[in-house]
>>> print(open('final36.txt').read())   # compact mmCIF, C-alpha atoms
# COMPACT_ATOMS: atom_id res chain seq x y z
CA MET O 18 180.65 168.88 227.37
CA THR O 19 184.20 168.28 226.08
CA ARG O 20 184.94 168.58 222.38
CA LEU O 21 185.75 164.83 222.27
CA ALA O 22 182.40 163.97 223.75
CA ALA O 23 180.72 166.18 221.22
CA LEU O 24 182.49 164.45 218.31
CA ILE O 25 181.66 160.85 219.33
CA PRO O 26 178.09 160.82 217.93
CA VAL O 27 179.35 162.32 214.68
CA ALA O 28 182.03 159.68 214.37
CA LEU O 29 179.57 156.90 215.06
CA THR O 30 177.16 158.31 212.51
CA ALA O 31 179.87 158.56 209.86
CA SER O 32 180.96 155.00 210.57
CA ALA O 33 177.41 153.74 210.22
CA LEU O 34 177.03 155.52 206.89
CA ALA O 35 180.28 153.96 205.64
CA LEU O 36 179.04 150.48 206.61
CA SER O 37 175.67 151.01 204.91
CA SER O 38 177.30 152.20 201.71
CA THR O 39 179.67 149.23 201.39
CA SER O 40 177.23 146.43 202.36
CA SER O 41 175.24 144.69 199.56
CA PRO O 42 171.59 145.72 199.21
CA THR O 43 168.97 143.12 200.07
CA PRO O 44 167.71 141.53 196.82
CA GLN O 45 164.09 142.26 195.98
CA SER O 46 161.91 139.25 196.80
CA THR O 47 158.38 140.62 196.37
CA VAL O 48 156.33 141.98 193.48
CA THR O 49 153.17 144.04 193.76
CA GLY O 50 150.60 144.87 191.14
CA GLU O 51 146.97 144.83 190.04
CA TRP O 52 144.71 141.96 189.03
CA GLU O 53 141.37 141.31 187.39
CA ALA O 54 139.54 138.00 187.16
CA GLU O 55 136.63 136.29 185.44
CA TRP O 56 135.37 132.74 185.19
CA SER O 57 135.65 130.86 181.90
CA ARG O 58 134.33 127.50 180.76
CA TRP O 59 136.89 124.82 179.85
CA SER O 60 136.54 121.19 178.80
CA SER O 61 137.70 120.21 182.28
CA GLY O 62 135.16 122.54 183.94
CA TRP O 63 135.14 126.13 185.15
CA ARG O 64 138.49 127.85 185.64
CA LEU O 65 139.38 131.30 186.93
CA GLN O 66 141.08 133.51 184.37
CA LEU O 67 143.49 135.88 186.15
CA ASP O 68 144.90 138.92 184.40
CA ILE O 69 147.77 140.67 186.19
CA ARG O 70 149.74 143.87 185.61
CA THR O 71 152.92 144.94 187.37
CA ARG O 72 156.45 146.31 186.92
CA ILE O 73 159.62 144.40 187.69
CA ASP O 74 162.99 146.16 187.49
CA GLY O 75 161.32 148.96 185.57
CA SER O 76 159.82 146.67 182.92
CA ARG O 77 156.08 146.31 182.46
CA VAL O 78 154.64 142.81 182.90
CA HIS O 79 151.12 142.02 181.71
CA SER O 80 150.12 138.38 181.71
CA GLY O 81 147.10 136.14 181.92
CA PHE O 82 146.74 132.57 183.17
CA THR O 83 144.03 130.24 184.39
CA VAL O 84 143.79 128.31 187.64
CA ASP O 85 141.58 125.61 189.05
CA VAL O 86 139.64 126.85 192.07
CA ALA O 87 141.12 123.94 194.03
CA GLU O 88 144.50 125.70 193.81
CA LEU O 89 143.17 128.72 195.71
CA THR O 90 142.60 129.24 199.39
CA GLY O 91 140.56 131.93 201.15
CA ASP O 92 137.70 134.09 199.91
CA VAL O 93 137.93 133.46 196.18
CA PRO O 94 135.94 135.20 193.39
CA GLN O 95 132.45 133.81 192.83
CA ARG O 96 130.78 133.15 189.49
CA ASN O 97 128.45 136.05 190.23
CA THR O 98 127.43 138.19 193.20
CA ALA O 99 124.25 140.02 194.10
CA GLU O 100 126.23 142.81 195.76
CA ARG O 101 129.80 144.02 196.15
CA ILE O 102 131.92 141.73 198.37
CA ARG O 103 135.49 141.75 199.71
CA LEU O 104 138.00 139.16 198.46
CA ALA O 105 141.19 137.83 200.04
CA PHE O 106 142.73 134.63 198.65
CA GLU O 107 146.10 132.98 197.99
CA LEU O 108 147.73 130.96 195.25
CA ALA O 109 150.74 129.05 196.54
CA ARG O 110 153.20 127.73 193.99
CA GLU O 111 156.68 126.34 194.36
CA ALA O 112 158.36 129.38 192.85
CA GLY O 113 156.41 131.83 195.00
CA THR O 114 153.08 132.72 196.59
CA PHE O 115 150.46 135.18 195.37
CA VAL O 116 148.29 137.00 197.90
CA PHE O 117 145.27 138.65 196.28
CA GLU O 118 143.06 141.28 197.85
CA GLY O 119 140.20 143.15 196.28
CA GLN O 120 136.49 143.09 195.62
CA GLN O 121 133.83 141.69 193.34
CA ASP O 122 130.65 143.20 191.99
CA GLY O 123 128.50 140.90 189.87
CA ARG O 124 130.82 139.05 187.50
CA GLU O 125 133.69 141.56 187.74
CA ALA O 126 136.49 141.05 190.28
CA TRP O 127 139.61 143.19 190.73
CA GLY O 128 142.19 144.38 193.22
CA ASN O 129 145.87 144.32 194.19
CA PHE O 130 148.28 141.44 194.72
CA THR O 131 151.62 140.75 196.35
CA TRP O 132 153.85 137.94 195.18
CA THR O 133 156.64 136.67 197.39
CA ALA O 134 159.49 134.63 195.91
CA ASN O 135 160.43 131.28 197.47
CA ALA O 136 164.18 131.30 198.18
CA GLY O 137 164.23 127.50 198.34
CA TYR O 138 163.01 127.34 194.73
CA THR O 139 165.93 129.48 193.60
CA THR O 140 168.36 127.10 195.30
CA ALA O 141 166.71 123.99 193.86
CA MET O 142 166.66 125.47 190.33
CA ALA O 143 170.36 126.31 190.67
CA ARG O 144 171.07 122.61 191.32
CA LEU O 145 169.23 121.84 188.09
CA GLY O 146 171.47 124.22 186.17
CA TYR O 147 169.37 127.36 186.37
CA ASP O 148 171.49 129.45 188.68
CA GLY O 149 171.23 133.21 189.01
CA LEU O 150 167.48 133.35 188.39
CA GLU O 151 166.35 136.94 188.11
CA LEU O 152 163.24 138.00 189.97
CA ARG O 153 161.37 138.58 186.71
CA ASP O 154 162.16 135.03 185.54
CA GLN O 155 161.15 133.46 188.84
CA PHE O 156 157.91 135.44 188.75
CA ARG O 157 157.10 134.13 185.25
CA LEU O 158 157.96 130.56 186.28
CA SER O 159 155.58 130.98 189.19
CA LEU O 160 152.82 132.27 186.90
CA HIS O 161 153.00 129.14 184.76
CA ASP O 162 153.67 126.78 187.69
CA VAL O 163 156.99 125.38 186.44
CA THR O 164 158.05 123.12 189.31
CA THR O 165 161.46 121.63 190.00
CA THR O 166 159.89 118.16 189.79
CA TYR O 167 158.73 118.97 186.26
CA VAL O 168 162.15 120.35 185.24
CA SER O 169 163.89 117.27 186.66
CA ALA O 170 161.48 114.93 184.83
CA LEU O 171 162.14 116.78 181.56
CA GLU O 172 165.88 116.31 182.05
CA ASP O 173 165.32 112.58 182.58
CA ARG O 174 163.65 112.50 179.16
CA GLY O 175 166.48 114.28 177.38
CA TYR O 176 165.35 117.88 177.66
CA ARG O 177 168.40 119.27 179.44
CA ASP O 178 169.56 122.87 179.60
CA LEU O 179 166.35 124.15 178.07
CA PRO O 180 166.15 127.94 177.87
CA LEU O 181 163.73 129.42 180.40
CA ASP O 182 161.45 130.53 177.57
CA ASP O 183 161.14 126.90 176.43
CA LEU O 184 160.31 125.76 179.95
CA MET O 185 157.51 128.30 180.08
CA ARG O 186 156.27 127.43 176.57
CA PHE O 187 156.14 123.77 177.59
CA ALA O 188 154.07 124.65 180.64
CA ILE O 189 151.77 127.09 178.81
CA HIS O 190 150.93 124.65 176.00
CA GLY O 191 150.60 121.55 178.16
CA ALA O 192 153.73 119.61 177.19
CA SER O 193 153.41 117.48 180.30
CA VAL O 194 155.56 114.53 181.23
CA GLU O 195 152.55 112.26 180.67
CA TYR O 196 152.10 113.63 177.14
CA ILE O 197 155.81 113.20 176.32
CA ASP O 198 155.75 109.59 177.55
CA ALA O 199 152.58 108.82 175.57
CA MET O 200 154.08 110.22 172.36
CA ALA O 201 157.24 108.16 172.95
CA ALA O 202 155.09 105.04 173.30
CA ALA O 203 153.45 105.98 169.97
CA GLY O 204 156.85 106.03 168.29
CA TYR O 205 157.80 109.68 168.67
CA ASP O 206 160.49 110.02 171.30
CA ALA O 207 163.17 112.69 171.59
CA ILE O 208 160.85 115.19 169.92
CA PRO O 209 162.66 118.53 169.42
CA ALA O 210 161.44 121.25 171.76
CA ASP O 211 159.96 123.40 168.97
CA ASP O 212 158.12 120.41 167.50
CA LEU O 213 156.79 119.44 170.91
CA VAL O 214 155.24 122.87 171.32
CA ARG O 215 153.84 122.79 167.75
CA PHE O 216 152.34 119.36 168.43
CA ARG O 217 150.51 120.67 171.47
CA ILE O 218 149.34 123.85 169.74
CA HIS O 219 147.83 121.93 166.82
CA GLY O 220 146.52 118.92 168.75
CA VAL O 221 148.92 116.22 167.60
CA ASP O 222 148.52 113.47 170.19
CA PRO O 223 148.88 109.66 170.41
CA ASP O 224 145.24 109.20 169.35
CA TYR O 225 145.88 111.11 166.13
CA VAL O 226 149.05 109.12 165.44
CA ALA O 227 147.04 105.89 165.87
CA GLU O 228 144.29 107.22 163.58
CA LEU O 229 146.77 107.89 160.78
CA ALA O 230 148.36 104.47 161.31
CA GLN O 231 144.95 102.88 160.69
CA LEU O 232 145.00 104.61 157.29
CA GLY O 233 148.41 103.08 156.58
CA PHE O 234 150.44 106.19 157.30
CA THR O 235 153.20 105.34 159.76
CA GLY O 236 156.56 106.95 160.41
CA LEU O 237 155.35 110.37 159.34
CA SER O 238 157.58 113.34 160.08
CA GLY O 239 156.66 115.93 162.66
CA ASP O 240 155.88 118.38 159.85
CA ASP O 241 153.49 115.87 158.28
CA LEU O 242 151.67 115.30 161.56
CA VAL O 243 151.21 119.04 162.03
CA ARG O 244 150.11 119.50 158.39
CA GLY O 245 147.59 116.73 158.78
CA ARG O 246 146.13 118.30 161.91
CA ILE O 247 146.06 121.84 160.51
CA HIS O 248 144.23 120.79 157.35
CA GLY O 249 141.93 118.21 158.96
CA VAL O 250 143.21 114.94 157.51
CA SER O 251 141.16 112.35 159.37
CA ARG O 252 140.01 108.76 159.17
CA GLU O 253 136.46 109.91 158.34
CA HIS O 254 137.59 112.09 155.43
CA ALA O 255 139.86 109.39 153.97
CA ALA O 256 137.19 106.69 154.30
CA ALA O 257 134.56 108.86 152.57
CA ILE O 258 136.95 109.52 149.67
CA ALA O 259 137.82 105.81 149.43
CA ASP O 260 134.12 104.88 149.26
CA LEU O 261 133.90 106.91 146.05
CA GLY O 262 136.67 104.92 144.40
CA TYR O 263 139.73 106.92 145.46
CA GLY O 264 141.33 104.43 147.80
CA SER O 265 145.04 104.64 147.06
CA GLU O 266 145.76 108.28 147.73
CA SER O 267 148.99 109.27 149.42
CA PHE O 268 149.23 111.35 152.57
CA ASP O 269 150.19 114.38 150.43
CA ASP O 270 147.08 113.76 148.31
CA LEU O 271 144.87 113.77 151.39
CA VAL O 272 146.43 117.02 152.56
CA ARG O 273 145.94 118.62 149.13
CA LEU O 274 142.33 117.51 149.02
CA ARG O 275 141.68 119.07 152.41
CA ILE O 276 143.54 122.30 151.57
CA HIS O 277 141.41 122.87 148.48
CA GLY O 278 138.10 121.63 149.89
CA VAL O 279 137.75 118.47 147.85
CA ASP O 280 135.57 116.27 150.04
CA SER O 281 133.14 113.44 149.39
CA ASP O 282 130.22 115.88 149.01
CA PHE O 283 132.02 117.81 146.25
CA ILE O 284 133.02 114.63 144.37
CA ARG O 285 129.50 113.20 144.66
CA GLU O 286 127.85 116.42 143.45
CA MET O 287 130.19 116.68 140.48
CA SER O 288 129.47 113.06 139.58
CA ASP O 289 125.70 113.59 139.89
CA ILE O 290 125.80 116.41 137.33
CA GLY O 291 127.83 114.42 134.83
CA VAL O 292 131.48 115.07 135.66
CA HIS O 293 132.58 111.44 135.94
CA GLY O 294 135.99 109.82 136.25
CA ALA O 295 138.01 112.92 137.17
CA ASP O 296 141.21 111.96 138.95
CA LEU O 297 142.35 113.58 142.16
CA ASP O 298 144.54 116.13 140.41
CA GLU O 299 141.66 117.19 138.15
CA LEU O 300 139.35 117.52 141.14
CA VAL O 301 141.87 119.70 142.93
CA GLN O 302 142.40 121.84 139.84
CA MET O 303 138.65 122.31 139.41
CA ARG O 304 138.39 123.43 143.03
CA ILE O 305 141.34 125.81 142.67
CA HIS O 306 139.80 127.49 139.63
CA GLY O 307 136.24 127.64 140.95
CA VAL O 308 134.57 124.90 138.94
CA SER O 309 131.63 124.30 141.24
CA PRO O 310 128.44 122.25 140.79
CA GLU O 311 126.56 125.56 140.44
CA PHE O 312 128.85 126.66 137.59
CA VAL O 313 128.37 123.34 135.77
CA ARG O 314 124.57 123.60 136.10
CA ASP O 315 124.60 127.17 134.76
CA MET O 316 126.52 126.04 131.68
CA GLU O 317 124.20 123.07 131.18
CA ARG O 318 121.18 125.40 131.14
CA LEU O 319 122.85 127.20 128.24
CA GLY O 320 123.28 123.95 126.32
CA TYR O 321 126.83 123.04 127.29
CA ASN O 322 126.42 119.50 128.54
CA ASN O 323 129.05 116.84 129.19
CA LEU O 324 131.97 119.25 129.25
CA SER O 325 135.25 117.65 130.26
CA ALA O 326 137.14 118.59 133.39
CA ASP O 327 139.73 120.39 131.22
CA GLN O 328 137.06 122.36 129.35
CA LEU O 329 135.36 123.42 132.58
CA LYS O 330 138.68 124.44 134.08
CA SER O 331 139.58 126.39 130.92
CA PHE O 332 136.27 128.24 131.09
CA ARG O 333 136.96 129.36 134.66
CA ILE O 334 140.60 130.27 134.00
CA HIS O 335 139.69 132.50 131.05
CA GLY O 336 136.44 133.93 132.44
CA VAL O 337 133.85 132.15 130.31
CA SER O 338 130.82 132.69 132.51
CA ALA O 339 127.12 132.00 132.05
CA GLN O 340 126.52 135.74 131.68
CA PHE O 341 129.17 135.99 128.96
CA VAL O 342 127.63 133.11 126.99
CA ALA O 343 124.07 134.47 127.40
CA GLU O 344 125.04 137.98 126.20
CA LEU O 345 126.70 136.52 123.09
CA ALA O 346 123.59 134.43 122.42
CA ASP O 347 121.45 137.59 122.58
CA LEU O 348 123.65 139.00 119.80
CA GLY O 349 123.06 135.91 117.62
CA TYR O 350 126.14 133.91 118.55
CA THR O 351 124.60 130.65 119.68
CA ASP O 352 125.93 127.11 119.65
CA LEU O 353 129.54 128.29 119.81
CA SER O 354 131.96 125.49 120.65
CA ALA O 355 133.68 125.40 124.03
CA ASN O 356 136.98 126.05 122.25
CA THR O 357 135.57 129.11 120.45
CA LEU O 358 134.19 130.57 123.67
CA THR O 359 137.60 130.21 125.27
CA LYS O 360 139.30 131.86 122.27
CA PHE O 361 136.82 134.73 122.46
CA ARG O 362 137.85 135.40 126.06
CA ILE O 363 141.56 134.97 125.38
CA HIS O 364 141.55 137.49 122.52
CA GLY O 365 138.97 139.92 123.91
CA VAL O 366 135.99 139.19 121.70
CA SER O 367 133.36 140.52 124.07
CA PRO O 368 129.67 141.39 123.62
CA GLU O 369 130.76 145.04 123.81
CA PHE O 370 133.20 144.53 120.90
CA VAL O 371 130.53 142.83 118.76
CA THR O 372 128.05 145.65 119.49
CA GLU O 373 130.59 148.39 118.66
CA MET O 374 131.45 146.75 115.34
CA ALA O 375 127.76 146.53 114.49
CA GLU O 376 127.40 150.25 115.18
CA VAL O 377 130.02 151.04 112.49
CA GLY O 378 128.33 148.75 109.94
CA TYR O 379 129.88 145.34 110.50
CA ARG O 380 127.21 142.85 111.50
CA ASP O 381 126.94 139.06 111.40
CA ILE O 382 130.70 138.63 111.46
CA SER O 383 131.80 135.01 111.76
CA ALA O 384 133.35 133.82 115.02
CA ASP O 385 136.73 133.15 113.40
CA THR O 386 136.77 136.61 111.81
CA LEU O 387 135.96 138.27 115.11
CA VAL O 388 138.95 136.53 116.65
CA ARG O 389 141.26 137.60 113.77
CA MET O 390 140.04 141.18 114.01
CA ARG O 391 140.89 141.30 117.72
CA ILE O 392 144.27 139.63 117.18
CA HIS O 393 145.27 142.30 114.64
CA GLY O 394 143.73 145.28 116.43
CA VAL O 395 140.76 146.07 114.21
CA SER O 396 138.43 148.13 116.37
CA ALA O 397 135.39 150.37 115.95
CA SER O 398 137.54 153.45 116.52
CA PHE O 399 139.89 152.30 113.71
CA VAL O 400 136.94 151.96 111.34
CA ARG O 401 135.65 155.43 112.30
CA ARG O 402 139.01 157.03 111.57
CA LEU O 403 138.97 155.44 108.10
CA GLN O 404 135.40 156.59 107.49
CA GLN O 405 136.30 160.14 108.49
CA ARG O 406 138.87 160.05 105.69
CA GLY O 407 136.30 158.82 103.18
CA ILE O 408 137.43 155.19 103.23
CA THR O 409 134.22 153.16 103.51
CA GLY O 410 132.79 149.84 102.39
CA LEU O 411 135.90 147.81 103.20
CA SER O 412 135.46 144.11 103.85
CA THR O 413 136.55 142.62 107.15
CA ARG O 414 139.44 140.98 105.29
CA GLU O 415 140.57 144.35 103.94
CA LEU O 416 140.34 145.91 107.41
CA ILE O 417 142.55 143.14 108.80
CA ASP O 418 145.05 143.51 105.90
CA MET O 419 145.28 147.25 106.51
CA LYS O 420 146.12 146.60 110.16
CA ILE O 421 148.61 143.88 109.30
CA HIS O 422 150.48 146.13 106.87
CA GLY O 423 150.24 149.27 108.97
>>> encode(input="final36.txt", output="structure tokens")
Amino acid sequence: MTRLAALIPVALTASALALSSTSSPTPQSTVTGEWEAEWSRWSSGWRLQLDIRTRIDGSRVHSGFTVDVAELTGDVPQRNTAERIRLAFELAREAGTFVFEGQQDGREAWGNFTWTANAGYTTAMARLGYDGLELRDQFRLSLHDVTTTYVSALEDRGYRDLPLDDLMRFAIHGASVEYIDAMAAAGYDAIPADDLVRFRIHGVDPDYVAELAQLGFTGLSGDDLVRGRIHGVSREHAAAIADLGYGSESFDDLVRLRIHGVDSDFIREMSDIGVHGADLDELVQMRIHGVSPEFVRDMERLGYNNLSADQLKSFRIHGVSAQFVAELADLGYTDLSANTLTKFRIHGVSPEFVTEMAEVGYRDISADTLVRMRIHGVSASFVRRLQQRGITGLSTRELIDMKIHG
């Protein structure tokens, strides 16, 4: 063999290597990973919950989504099996197709999947302004079944150039074209993307808008609609409150009532035990500070009947409890006024204080004197220090004067 002949294969090989190093690599168009599945009950019937795990471009992807069995073809997971079976089924979506293989034993199903991107989807999305879709993005769009028809319909309704994350949030939370059109017919068109998602998350729909309109609340802001839904403002709640004589409340009032648990049952119970005529603000304040029907009954058993809303609230704010009143009564302090009980708590006249003063020789002190002693810092330990120095027999007035003058 001549030297030239011997060099030809080497030259060809080198040339081939040069071509392979300068040509562009074929873009990745498939994704592989693992899946698990279980059936779950939805309002629309049984749906298959698919949980998938994979890596795309070195990043971990773990996502779950549900599908109707009608979307699947092949040997799909069953609700339950008596023995282990093989599975092989497909989920075809515009952005790409999933091919699942695996097995099922009882209610548990698992295996591996391969997803293949649809090149035509990439081209169509580019015409809609989403050019240069990365594989990871197309995979996520496929998971949530974001179709080009849906994207085009959103653009027709003013949602142009939405970020991909918004497109997927719309799909995940059910911001369908039908829902957007129905909300527009109810007076809410051109809803901002974030509000649209919030509406769907919290269940703001045309029926709820109509319900509020029947109560006289029209033209509410998006924030108000969401607040109303979150806190349960409804026709039933408003009607029950109105039946008790509170018929002119504002939307903010209804929200406040719901936030603090002021419902028709609470108002009726408070009225039945003698708390009549409280306005909405007083009812809310009583709820905030824990004035409950049980608390009112406890105070009535101790002789405190017909207390006003302000007195009841003051008791709860300052800690005047049934136990506190009963312990004072055991020490001889009965029939104290509501104002005196509150002053006792404010200034620290407790059953323990009364008992300690009795132990150092000061019994049957008047309520007003007890308050003055606490205000000026006369305590049992102060009296003991005086007694240790031979100073005894002082009146309560003298004790207070000594504290006042240091």
>>> atom_distance(input="final36.txt", atom1="atom CA of O:Phe332", atom2="atom CA of O:Asp352")
15.5 Å
>>> residues_around(input="final36.txt", residues="O:Glu373", least_positions_apart="4", cutoff="7 Å", atoms="only C-alpha atoms", output="list in words")
Glu369, Val377 and Ala397 of chain O
>>> residues_around(input="final36.txt", residues="O:Gln155", least_positions_apart="2", cutoff="9 Å", atoms="only C-alpha atoms", output="JSON, numbers by chain")
{"O": [112, 113, 134, 135, 138, 139, 150, 151, 152, 153, 157, 158, 159, 160]}
>>> atom_distance(input="final36.txt", atom1="atom CA of O:Asn97", atom2="atom CA of O:Ala109")
24.2 Å
>>> atom_distance(input="final36.txt", atom1="atom CA of O:Phe370", atom2="atom CA of O:Lys420")
16.9 Å
>>> residues_near_point(input="final36.txt", point="(135.6, 121.7, 146.4)", cutoff="9 Å", atoms="all atoms listed in the file", output="list in words")
Leu274, Arg275, His277, Gly278, Val279, Asp280, Asp282, Phe283, Ile284, Leu300, Val301, Met303, Arg304, Ile305, Gly307, Val308 and Ser309 of chain O
>>> residues_near_point(input="final36.txt", point="(145.5, 116.3, 158.2)", cutoff="12 Å", atoms="only C-alpha atoms", output="PyMOL selection string")
chain O and resi 219-221+225-226+228-229+232+234+237+240-255+267-276
>>> axis_aligned_box(input="final36.txt", around="stretch 207-213 of chain O", padding_each_side="6 Å", output="AutoDock Vina command-line options")
--center_x 160.0 --center_y 118.0 --center_z 169.6 --size_x 18.4 --size_y 22.7 --size_z 16.3
>>> residues_around(input="final36.txt", residues="stretch 48-59 of chain O", least_positions_apart="3", cutoff="12 Å", atoms="only C-alpha atoms", output="ChimeraX atom specification")
/O:44-45,62-75,77-86,93-97,104,113-134,152-153,155-157,159
>>> decode(input="final36.txt", residues="stretch 207-264 of chain O", atoms="C-alpha atoms", output="short mmCIF file (atom, residue, chain, number, x, y, z; two decimals), in the first residue's frame")
data_model
loop_
_atom_site.label_atom_id
_atom_site.label_comp_id
_atom_site.auth_asym_id
_atom_site.auth_seq_id
_atom_site.Cartn_x
_atom_site.Cartn_y
_atom_site.Cartn_z
CA ALA O 207 -60.60 43.71 31.47
CA ILE O 208 -59.87 42.15 34.84
CA PRO O 209 -56.12 42.41 35.62
CA ALA O 210 -54.33 39.08 35.38
CA ASP O 211 -53.51 38.91 39.11
CA ASP O 212 -57.12 39.69 40.04
CA LEU O 213 -58.40 37.08 37.62
CA VAL O 214 -56.33 34.42 39.33
CA ARG O 215 -57.40 35.65 42.79
CA PHE O 216 -61.04 35.54 41.70
CA ARG O 217 -60.70 31.91 40.67
CA ILE O 218 -58.78 30.91 43.79
CA HIS O 219 -61.42 32.39 46.12
CA GLY O 220 -64.51 31.49 44.09
CA VAL O 221 -65.58 34.90 42.83
CA ASP O 222 -67.92 34.13 39.93
CA PRO O 223 -70.91 35.73 38.16
CA ASP O 224 -73.33 34.03 40.58
CA TYR O 225 -71.61 35.69 43.53
CA VAL O 226 -71.63 39.08 41.80
CA ALA O 227 -75.39 38.68 41.23
CA GLU O 228 -75.91 37.65 44.86
CA LEU O 229 -74.21 40.81 46.13
CA ALA O 230 -76.20 42.92 43.66
CA GLN O 231 -79.42 41.56 45.20
CA LEU O 232 -78.17 42.99 48.51
CA GLY O 233 -77.68 46.37 46.85
CA PHE O 234 -73.93 46.12 46.48
CA THR O 235 -72.98 46.88 42.87
CA GLY O 236 -69.78 48.17 41.34
CA LEU O 237 -67.63 46.66 44.06
CA SER O 238 -63.89 46.59 43.51
CA GLY O 239 -62.01 43.38 42.89
CA ASP O 240 -60.57 43.58 46.41
CA ASP O 241 -64.08 43.86 47.86
CA LEU O 242 -65.30 40.84 45.93
CA VAL O 243 -62.38 38.77 47.19
CA ARG O 244 -62.83 40.04 50.77
CA GLY O 245 -66.49 39.14 50.63
CA ARG O 246 -65.73 35.62 49.46
CA ILE O 247 -62.89 35.04 51.93
CA HIS O 248 -64.99 36.10 54.92
CA GLY O 249 -68.27 34.53 53.79
CA VAL O 250 -70.44 37.58 53.09
CA SER O 251 -73.59 36.04 51.63
CA ARG O 252 -77.23 36.77 51.00
CA GLU O 253 -78.23 34.37 53.80
CA HIS O 254 -76.00 36.07 56.37
CA ALA O 255 -77.16 39.58 55.41
CA ALA O 256 -80.84 38.58 55.43
CA ALA O 257 -80.55 36.97 58.88
CA ILE O 258 -78.92 40.12 60.28
CA ALA O 259 -81.58 42.32 58.65
CA ASP O 260 -84.37 40.23 60.22
CA LEU O 261 -83.01 41.23 63.63
CA GLY O 262 -83.31 44.93 62.85
CA TYR O 263 -79.91 45.63 61.29
CA GLY O 264 -80.98 46.28 57.72
#
